[in-house]
Amino acid sequence: MHKLTQKGVFKGLNLENIDFYLLDTVDSTNNFAKEKPLNKDYVVVISEQQTAGRGRQGKKWYSPSAGNIYMTIKFIDSNPAPLSLVIGLLISEAMDKISGQKINAGLKWPNDLLINKKKICGILIESEVNGDAVEFIVGIGINYLLPKKESWWGEIGELADILPREKLINSILQSIIHYSENGYMDWRDEWEKRCMHMGIELEAVSNNQKNIEIGIFNGINEEGKMLLQTRNELKVISSGECSIKGIY
Ligand code: BTN
């Protein structure tokens with residue numbers, strides 16, 4: 001496994017604006033980033049391994065040292081678009097950009113990325129209020145190789161030649177920083193184009209798993225909320241996850 005290098009990961013980035021940490025091991029890059037004050041515009045934490053990687057809804061994120069991506073970027077976001085959806089979109093675009101191909105990493109609401117119907121990337125966004133500012137802690141996990149895995153987890157190891165890990169990290173950082181500084185006008189259209197379940201029947205599951213709504217996914221609104229056409233009405237679903245038959 002080729003270990004990540006500062007030169008490769010931060011190529012072309014203005015390091016005067018970034019407090020960066022390239023680690024061998026850490027409990028969770030999100031935890032580490034939370035502890036660091038935002039003295040510059042961005043804190044970036046990348047580790048080869050996590051001993052207590054965290055997923056959404058209190059789940060664990062399996063994080064062996066196997067050439068995967070575990071990274072967190074912390075910053076203040078003043079854009080109106082919902083960060084949680086935009087980040088997934090930027091990662092899907094970055095994969096196309098560096099490979100020069102249509103990788104077709106599909107977006108599953110709110111922010112999973114799938115290839116061949118398997119989850120290859122998860123995003124955990126947390127926030128903290130610091131005085132008047134809200135600091136976002138954006139954690140990204142992308143799997144190249146998982147020595148053991150659940151049936152719905154995928155890997156992109158076979159694409160490593162066209163999606164080298166350092167290049168992908170670099171491209172994702174470039175585009176998140178570009179987004180934070182310039183915004184993204186058509187994010188909603190572009191998100192829907194890359195969504196893998198437009199017009200498909202699915203279950204919207206609330207965070208506590210207690211509420212389940214079944215309907216046809218009808219896209220998202222300006223706030224990134226799910227528009228779900230149920231038997232009786234068009235519902236706006238603001239949080240939770242979705243579950244698709246035969247996928248997860
Ligand atoms: C999910 O449940 O889909 C979100 C997974 C997020 C995992 C990443 S890996 C880097 C960062 N640090 C963590 O502890 N979690 C996120």
# chains A, B, ... in the order shown; residues from 1 in each chain; ligands from 1

$ closest_atom_pairs --of "chain A" --to "ligand 1" --cutoff "8 Å" --atoms "only C-alpha atoms and all ligand atoms" --output "CSV"
residue,atom,partner,partner_atom_place_in_ligand_line,distance
A:Asp27,CA,ligand 1,14 (O),7.3
A:Ser28,CA,ligand 1,14 (O),4.0
A:Thr29,CA,ligand 1,12 (N),4.4
A:Asn30,CA,ligand 1,12 (N),4.5
A:Asn31,CA,ligand 1,14 (O),6.9
A:Ile46,CA,ligand 1,10 (C),7.9
A:Gln50,CA,ligand 1,14 (O),7.1
A:Ala52,CA,ligand 1,14 (O),6.5
A:Gly53,CA,ligand 1,14 (O),3.5
A:Arg54,CA,ligand 1,14 (O),3.7
A:Gly55,CA,ligand 1,2 (O),3.2
A:Arg56,CA,ligand 1,2 (O),3.8
A:Gln57,CA,ligand 1,2 (O),7.0
A:Lys59,CA,ligand 1,2 (O),6.4
A:Lys60,CA,ligand 1,2 (O),7.4
A:Trp61,CA,ligand 1,7 (C),5.6
A:Ser63,CA,ligand 1,9 (S),7.2
A:Ile69,CA,ligand 1,9 (S),7.1
A:Tyr70,CA,ligand 1,10 (C),4.0
A:Met71,CA,ligand 1,10 (C),4.5
A:Thr72,CA,ligand 1,11 (C),5.6
A:Asn111,CA,ligand 1,3 (O),7.6
A:Asp112,CA,ligand 1,3 (O),6.1
A:Cys121,CA,ligand 1,3 (O),6.8
A:Gly122,CA,ligand 1,3 (O),3.4
A:Ile123,CA,ligand 1,4 (C),4.1
A:Leu124,CA,ligand 1,4 (C),4.4
A:Val138,CA,ligand 1,11 (C),7.4
A:Gly139,CA,ligand 1,11 (C),3.7
A:Ile140,CA,ligand 1,8 (C),4.3
A:Gly141,CA,ligand 1,9 (S),3.7
A:Ile142,CA,ligand 1,9 (S),7.4

$ write_last_selection --atoms "C-alpha atoms" --output "CSV table (one decimal), in the first residue's frame"
chain,number,residue,atom,x,y,z
A,27,ASP,CA,-9.8,7.4,17.0
A,28,SER,CA,-11.9,9.4,14.5
A,29,THR,CA,-10.8,12.2,12.1
A,30,ASN,CA,-14.1,14.0,13.0
A,31,ASN,CA,-13.2,13.8,16.8
A,46,ILE,CA,-6.6,12.6,7.2
A,50,GLN,CA,-9.4,5.0,12.6
A,52,ALA,CA,-13.3,4.4,16.5
A,53,GLY,CA,-14.6,5.6,13.2
A,54,ARG,CA,-18.2,6.9,13.4
A,55,GLY,CA,-21.0,6.6,10.9
A,56,ARG,CA,-24.4,8.4,10.9
A,57,GLN,CA,-27.1,7.5,13.4
A,59,LYS,CA,-23.3,3.5,13.8
A,60,LYS,CA,-19.6,2.5,13.6
A,61,TRP,CA,-17.6,3.1,10.5
A,63,SER,CA,-11.8,1.8,9.3
A,69,ILE,CA,-9.9,7.4,2.7
A,70,TYR,CA,-10.8,8.7,6.1
A,71,MET,CA,-10.8,12.4,6.2
A,72,THR,CA,-12.4,15.4,7.8
A,111,ASN,CA,-25.6,11.6,1.1
A,112,ASP,CA,-24.4,8.0,0.3
A,121,CYS,CA,-18.7,6.3,0.4
A,122,GLY,CA,-20.3,7.6,3.6
A,123,ILE,CA,-20.5,11.2,4.8
A,124,LEU,CA,-20.9,12.3,8.4
A,138,VAL,CA,-17.4,17.2,7.3
A,139,GLY,CA,-16.2,13.6,7.6
A,140,ILE,CA,-15.7,11.5,4.5
A,141,GLY,CA,-15.0,7.8,4.3
A,142,ILE,CA,-14.3,6.1,0.9

$ select_by_dssp --residues "stretch 60-234 of chain A" --states "alpha helix (DSSP H)" --output "MDAnalysis selection string"
chainID A and resid 83:99 165:182 187:194

$ residues_around --residues "stretch 189-194 of chain A" --least-positions-apart "4" --cutoff "7 Å" --atoms "only C-alpha atoms" --output "list in words"
Leu89, Gly106, Leu107 and Gly219 of chain A

$ write_last_selection --atoms "N, CA and C atoms" --output "PDB file, in the first residue's frame"
ATOM      1  N   LEU A  89     -22.434  15.313  -3.872  1.00  0.00           N
ATOM      2  CA  LEU A  89     -22.385  15.711  -5.277  1.00  0.00           C
ATOM      3  C   LEU A  89     -20.948  16.047  -5.694  1.00  0.00           C
ATOM      4  N   GLY A 106     -23.525   6.945  -7.961  1.00  0.00           N
ATOM      5  CA  GLY A 106     -24.880   7.461  -7.793  1.00  0.00           C
ATOM      6  C   GLY A 106     -25.127   7.950  -6.376  1.00  0.00           C
ATOM      7  N   LEU A 107     -25.930   9.006  -6.278  1.00  0.00           N
ATOM      8  CA  LEU A 107     -26.235   9.577  -4.959  1.00  0.00           C
ATOM      9  C   LEU A 107     -27.509   8.960  -4.410  1.00  0.00           C
ATOM     10  N   GLY A 219     -37.610  13.752  -6.169  1.00  0.00           N
ATOM     11  CA  GLY A 219     -36.577  14.781  -6.169  1.00  0.00           C
ATOM     12  C   GLY A 219     -36.455  15.452  -4.804  1.00  0.00           C
TER      13      GLY A 219
END

$ closest_residue --among "A:Asn232, A:Asn68, A:Ser127, A:Ser175" --to "A:Met1" --atoms "only C-alpha atoms"
A:Asn68

$ atom_distance --atom1 "atom CA of A:Tyr144" --atom2 "atom CA of A:Ile73"
20.0 Å

$ closest_residue --among "A:Pro82, A:Ser238, A:Ile244, A:Leu114" --to "A:Ile216" --atoms "only C-alpha atoms"
A:Ile244

$ closest_residue --among "A:Glu150, A:Glu155, A:Asp19, A:Glu201" --to "A:Pro37" --atoms "only C-alpha atoms"
A:Asp19

$ atom_distance --atom1 "atom CA of A:Ile214" --atom2 "atom CA of A:Leu228"
8.0 Å

$ closest_residue --among "A:Gly58, A:Ile177, A:Lys167, A:Gln229" --to "A:Asn208" --atoms "only C-alpha atoms"
A:Gly58

$ closest_residue --among "A:Pro110, A:Leu163, A:Leu85, A:Asp132" --to "A:Tyr184" --atoms "only C-alpha atoms"
A:Leu85

$ residues_around --residues "stretch 76-80 of chain A" --least-positions-apart "3" --cutoff "9 Å" --atoms "only C-alpha atoms" --output "ChimeraX atom specification"
/A:38,41-42,83,133-137,179-184,222-223

$ residues_around --residues "A:Asp96" --least-positions-apart "2" --cutoff "12 Å" --atoms "only C-alpha atoms" --output "ChimeraX atom specification"
/A:89-94,98-106,159,162-163,167-168,171-172,194

$ closest_residue --among "A:Gly8, A:Ile169, A:Leu113, A:Gly154" --to "A:Val45" --atoms "only C-alpha atoms"
A:Ile169

$ select_by_dssp --residues "stretch 33-245 of chain A" --states "strand (DSSP E)" --output "short mmCIF file (atom, residue, chain, number, x, y, z; two decimals) with N, CA, C and O atoms, in the first residue's frame"
data_model
loop_
_atom_site.label_atom_id
_atom_site.label_comp_id
_atom_site.auth_asym_id
_atom_site.auth_seq_id
_atom_site.Cartn_x
_atom_site.Cartn_y
_atom_site.Cartn_z
N TYR A 42 -9.53 26.56 7.20
CA TYR A 42 -9.89 25.14 7.18
C TYR A 42 -8.98 24.34 8.11
O TYR A 42 -7.78 24.64 8.23
N VAL A 43 -9.58 23.32 8.74
CA VAL A 43 -8.78 22.27 9.40
C VAL A 43 -9.02 21.02 8.57
O VAL A 43 -10.18 20.67 8.28
N VAL A 44 -7.94 20.36 8.16
CA VAL A 44 -8.09 19.10 7.40
C VAL A 44 -7.35 18.00 8.15
O VAL A 44 -6.19 18.16 8.53
N VAL A 45 -8.06 16.90 8.40
CA VAL A 45 -7.46 15.76 9.10
C VAL A 45 -7.65 14.51 8.23
O VAL A 45 -8.77 14.21 7.80
N ILE A 46 -6.53 13.83 7.97
CA ILE A 46 -6.59 12.61 7.15
C ILE A 46 -5.82 11.54 7.90
O ILE A 46 -4.75 11.80 8.45
N SER A 47 -6.38 10.33 7.95
CA SER A 47 -5.67 9.26 8.66
C SER A 47 -5.70 7.98 7.84
O SER A 47 -6.64 7.73 7.08
N GLU A 48 -4.65 7.16 8.02
CA GLU A 48 -4.60 5.87 7.32
C GLU A 48 -5.57 4.87 7.96
O GLU A 48 -5.98 3.90 7.32
N GLN A 49 -5.93 5.14 9.23
CA GLN A 49 -6.74 4.18 9.98
C GLN A 49 -7.51 4.94 11.05
O GLN A 49 -7.06 5.99 11.52
N GLN A 50 -8.68 4.41 11.44
CA GLN A 50 -9.40 4.97 12.58
C GLN A 50 -9.72 3.81 13.54
O GLN A 50 -10.15 2.74 13.10
N ILE A 69 -9.92 5.93 2.37
CA ILE A 69 -9.88 7.36 2.68
C ILE A 69 -10.71 7.61 3.93
O ILE A 69 -11.89 7.23 3.99
N TYR A 70 -10.07 8.21 4.94
CA TYR A 70 -10.77 8.69 6.12
C TYR A 70 -10.33 10.13 6.29
O TYR A 70 -9.17 10.38 6.63
N MET A 71 -11.22 11.05 6.02
CA MET A 71 -10.78 12.45 6.15
C MET A 71 -11.90 13.36 6.62
O MET A 71 -13.08 13.07 6.44
N THR A 72 -11.47 14.45 7.25
CA THR A 72 -12.43 15.44 7.75
C THR A 72 -11.93 16.83 7.38
O THR A 72 -10.75 17.11 7.48
N ILE A 73 -12.88 17.64 6.95
CA ILE A 73 -12.56 19.04 6.69
C ILE A 73 -13.53 19.89 7.52
O ILE A 73 -14.74 19.65 7.50
N LYS A 74 -12.95 20.80 8.28
CA LYS A 74 -13.78 21.65 9.16
C LYS A 74 -13.69 23.09 8.66
O LYS A 74 -12.60 23.59 8.38
N PHE A 75 -14.83 23.73 8.53
CA PHE A 75 -14.85 25.11 8.03
C PHE A 75 -16.20 25.77 8.31
O PHE A 75 -17.14 25.09 8.74
N ILE A 76 -16.26 27.07 8.08
CA ILE A 76 -17.52 27.80 8.22
C ILE A 76 -18.14 27.91 6.84
O ILE A 76 -17.47 28.34 5.90
N GLY A 106 -23.53 6.94 -7.96
CA GLY A 106 -24.88 7.46 -7.79
C GLY A 106 -25.13 7.95 -6.38
O GLY A 106 -24.61 7.38 -5.41
N LEU A 107 -25.93 9.01 -6.28
CA LEU A 107 -26.23 9.58 -4.96
C LEU A 107 -27.51 8.96 -4.41
O LEU A 107 -28.52 8.86 -5.10
N LYS A 108 -27.43 8.55 -3.17
CA LYS A 108 -28.61 8.01 -2.47
C LYS A 108 -28.90 8.94 -1.31
O LYS A 108 -28.03 9.17 -0.47
N ASP A 112 -25.24 9.20 0.61
CA ASP A 112 -24.39 8.04 0.33
C ASP A 112 -24.02 8.03 -1.15
O ASP A 112 -24.78 8.52 -1.99
N LEU A 113 -22.85 7.43 -1.46
CA LEU A 113 -22.47 7.25 -2.86
C LEU A 113 -22.39 5.76 -3.15
O LEU A 113 -21.77 5.01 -2.38
N LEU A 114 -22.99 5.37 -4.26
CA LEU A 114 -23.04 3.95 -4.61
C LEU A 114 -22.45 3.72 -5.99
O LEU A 114 -22.64 4.54 -6.90
N ILE A 115 -21.74 2.60 -6.12
CA ILE A 115 -21.32 2.13 -7.44
C ILE A 115 -21.80 0.69 -7.55
O ILE A 115 -21.62 -0.09 -6.60
N LYS A 118 -23.73 -0.67 -4.59
CA LYS A 118 -23.08 -0.89 -3.29
C LYS A 118 -22.55 0.43 -2.77
O LYS A 118 -22.00 1.24 -3.55
N LYS A 119 -22.62 0.59 -1.45
CA LYS A 119 -22.16 1.85 -0.85
C LYS A 119 -20.64 1.89 -0.79
O LYS A 119 -20.02 1.05 -0.15
N ILE A 120 -20.06 2.90 -1.46
CA ILE A 120 -18.60 3.01 -1.46
C ILE A 120 -18.12 4.24 -0.69
O ILE A 120 -16.93 4.40 -0.46
N CYS A 121 -19.04 5.09 -0.30
CA CYS A 121 -18.65 6.31 0.42
C CYS A 121 -19.75 6.73 1.39
O CYS A 121 -20.93 6.66 1.05
N GLY A 122 -19.35 7.10 2.58
CA GLY A 122 -20.30 7.63 3.56
C GLY A 122 -19.82 8.99 4.04
O GLY A 122 -18.62 9.27 4.07
N ILE A 123 -20.77 9.83 4.41
CA ILE A 123 -20.46 11.20 4.82
C ILE A 123 -21.14 11.48 6.16
O ILE A 123 -22.33 11.21 6.32
N LEU A 124 -20.37 11.97 7.10
CA LEU A 124 -20.91 12.32 8.42
C LEU A 124 -20.64 13.80 8.66
O LEU A 124 -19.49 14.22 8.78
N ILE A 125 -21.72 14.60 8.69
CA ILE A 125 -21.54 16.04 8.90
C ILE A 125 -22.04 16.43 10.29
O ILE A 125 -23.19 16.12 10.64
N GLU A 126 -21.17 17.05 11.05
CA GLU A 126 -21.53 17.52 12.38
C GLU A 126 -21.31 19.03 12.41
O GLU A 126 -20.65 19.57 11.52
N SER A 127 -21.86 19.68 13.42
CA SER A 127 -21.64 21.13 13.49
C SER A 127 -21.47 21.55 14.94
O SER A 127 -21.96 20.87 15.84
N GLU A 128 -20.77 22.66 15.11
CA GLU A 128 -20.56 23.20 16.45
C GLU A 128 -20.69 24.71 16.37
O GLU A 128 -20.20 25.32 15.42
N VAL A 129 -21.34 25.29 17.37
CA VAL A 129 -21.47 26.75 17.39
C VAL A 129 -20.28 27.32 18.15
O VAL A 129 -19.94 26.85 19.24
N ASN A 130 -19.63 28.31 17.52
CA ASN A 130 -18.49 28.95 18.16
C ASN A 130 -18.72 30.46 18.09
O ASN A 130 -18.51 31.06 17.05
N ALA A 133 -20.49 32.00 14.95
CA ALA A 133 -20.28 31.17 13.76
C ALA A 133 -20.65 29.71 14.00
O ALA A 133 -20.51 29.20 15.12
N VAL A 134 -21.12 29.08 12.93
CA VAL A 134 -21.34 27.63 12.98
C VAL A 134 -20.20 26.97 12.22
O VAL A 134 -19.96 27.28 11.05
N GLU A 135 -19.49 26.09 12.89
CA GLU A 135 -18.39 25.37 12.24
C GLU A 135 -18.89 23.98 11.84
O GLU A 135 -19.47 23.27 12.65
N PHE A 136 -18.68 23.65 10.57
CA PHE A 136 -19.11 22.33 10.09
C PHE A 136 -17.92 21.38 10.08
O PHE A 136 -16.81 21.76 9.68
N ILE A 137 -18.17 20.17 10.52
CA ILE A 137 -17.13 19.15 10.57
C ILE A 137 -17.60 18.05 9.60
O ILE A 137 -18.53 17.31 9.88
N VAL A 138 -16.95 18.02 8.43
CA VAL A 138 -17.42 17.16 7.34
C VAL A 138 -16.50 15.94 7.23
O VAL A 138 -15.35 16.06 6.84
N GLY A 139 -17.01 14.79 7.64
CA GLY A 139 -16.21 13.57 7.60
C GLY A 139 -16.56 12.72 6.39
O GLY A 139 -17.74 12.51 6.08
N ILE A 140 -15.53 12.25 5.70
CA ILE A 140 -15.74 11.48 4.46
C ILE A 140 -14.98 10.16 4.55
O ILE A 140 -13.78 10.14 4.84
N GLY A 141 -15.68 9.07 4.30
CA GLY A 141 -15.02 7.77 4.26
C GLY A 141 -15.26 7.13 2.89
O GLY A 141 -16.40 7.04 2.43
N ILE A 142 -14.17 6.75 2.22
CA ILE A 142 -14.31 6.10 0.90
C ILE A 142 -13.52 4.79 0.94
O ILE A 142 -12.34 4.78 1.30
N GLU A 201 -39.73 3.76 -6.33
CA GLU A 201 -40.40 3.56 -5.04
C GLU A 201 -39.35 3.24 -3.97
O GLU A 201 -38.45 2.43 -4.21
N LEU A 202 -39.50 3.89 -2.82
CA LEU A 202 -38.59 3.61 -1.71
C LEU A 202 -39.29 3.86 -0.38
O LEU A 202 -40.42 4.34 -0.33
N GLU A 203 -38.57 3.52 0.67
CA GLU A 203 -39.07 3.79 2.02
C GLU A 203 -38.25 4.91 2.63
O GLU A 203 -37.01 4.83 2.62
N ALA A 204 -38.90 5.93 3.13
CA ALA A 204 -38.20 6.99 3.88
C ALA A 204 -38.29 6.60 5.35
O ALA A 204 -39.39 6.44 5.90
N VAL A 205 -37.13 6.41 5.95
CA VAL A 205 -37.08 5.90 7.33
C VAL A 205 -36.58 7.01 8.24
O VAL A 205 -35.52 7.59 7.99
N ILE A 212 -41.96 5.11 9.01
CA ILE A 212 -41.59 4.71 7.65
C ILE A 212 -42.69 5.18 6.70
O ILE A 212 -43.87 4.92 6.93
N GLU A 213 -42.29 5.93 5.67
CA GLU A 213 -43.24 6.36 4.64
C GLU A 213 -42.84 5.69 3.34
O GLU A 213 -41.67 5.74 2.96
N ILE A 214 -43.82 5.13 2.64
CA ILE A 214 -43.50 4.52 1.35
C ILE A 214 -44.03 5.42 0.24
O ILE A 214 -45.13 5.96 0.35
N GLY A 215 -43.22 5.61 -0.78
CA GLY A 215 -43.69 6.44 -1.89
C GLY A 215 -42.68 6.47 -3.02
O GLY A 215 -41.66 5.78 -2.99
N ILE A 216 -43.00 7.29 -4.02
CA ILE A 216 -42.10 7.46 -5.17
C ILE A 216 -41.24 8.70 -4.91
O ILE A 216 -41.76 9.77 -4.58
N PHE A 217 -39.93 8.53 -5.07
CA PHE A 217 -39.00 9.66 -4.85
C PHE A 217 -39.15 10.65 -5.98
O PHE A 217 -38.92 10.33 -7.15
N ASN A 218 -39.51 11.88 -5.59
CA ASN A 218 -39.84 12.89 -6.59
C ASN A 218 -38.82 14.02 -6.62
O ASN A 218 -39.14 15.16 -6.93
N GLY A 219 -37.61 13.75 -6.17
CA GLY A 219 -36.58 14.78 -6.17
C GLY A 219 -36.46 15.45 -4.80
O GLY A 219 -36.96 14.95 -3.80
N ILE A 220 -35.78 16.61 -4.83
CA ILE A 220 -35.52 17.33 -3.58
C ILE A 220 -35.94 18.78 -3.73
O ILE A 220 -36.09 19.27 -4.85
N MET A 226 -36.37 15.66 1.01
CA MET A 226 -36.90 14.68 0.06
C MET A 226 -38.36 14.99 -0.27
O MET A 226 -39.16 15.26 0.64
N LEU A 227 -38.72 14.93 -1.55
CA LEU A 227 -40.12 15.05 -1.95
C LEU A 227 -40.61 13.65 -2.27
O LEU A 227 -40.12 13.02 -3.21
N LEU A 228 -41.54 13.19 -1.48
CA LEU A 228 -41.99 11.79 -1.61
C LEU A 228 -43.47 11.75 -1.94
O LEU A 228 -44.31 12.23 -1.16
N GLN A 229 -43.78 11.20 -3.11
CA GLN A 229 -45.18 11.08 -3.51
C GLN A 229 -45.75 9.80 -2.90
O GLN A 229 -45.47 8.70 -3.36
N LEU A 234 -48.06 14.61 -1.49
CA LEU A 234 -46.63 14.82 -1.69
C LEU A 234 -46.04 15.24 -0.35
O LEU A 234 -46.35 16.32 0.16
N LYS A 235 -45.23 14.38 0.21
CA LYS A 235 -44.67 14.67 1.54
C LYS A 235 -43.27 15.24 1.42
O LYS A 235 -42.50 14.87 0.53
N VAL A 236 -42.95 16.13 2.35
CA VAL A 236 -41.59 16.69 2.41
C VAL A 236 -40.91 16.06 3.62
O VAL A 236 -41.36 16.20 4.74
N ILE A 237 -39.84 15.33 3.35
CA ILE A 237 -39.16 14.59 4.42
C ILE A 237 -37.83 15.27 4.69
O ILE A 237 -36.99 15.40 3.78
N GLU A 241 -33.23 8.51 6.47
CA GLU A 241 -32.51 7.86 5.36
C GLU A 241 -33.54 7.25 4.43
O GLU A 241 -34.72 7.23 4.75
N CYS A 242 -33.07 6.70 3.33
CA CYS A 242 -34.04 5.97 2.51
C CYS A 242 -33.57 4.54 2.30
O CYS A 242 -32.38 4.24 2.36
N SER A 243 -34.54 3.68 2.10
CA SER A 243 -34.23 2.27 1.92
C SER A 243 -34.87 1.81 0.61
O SER A 243 -36.07 2.04 0.38
#

$ atom_distance --atom1 "atom CA of A:Thr230" --atom2 "atom CA of A:Ile87"
27.8 Å
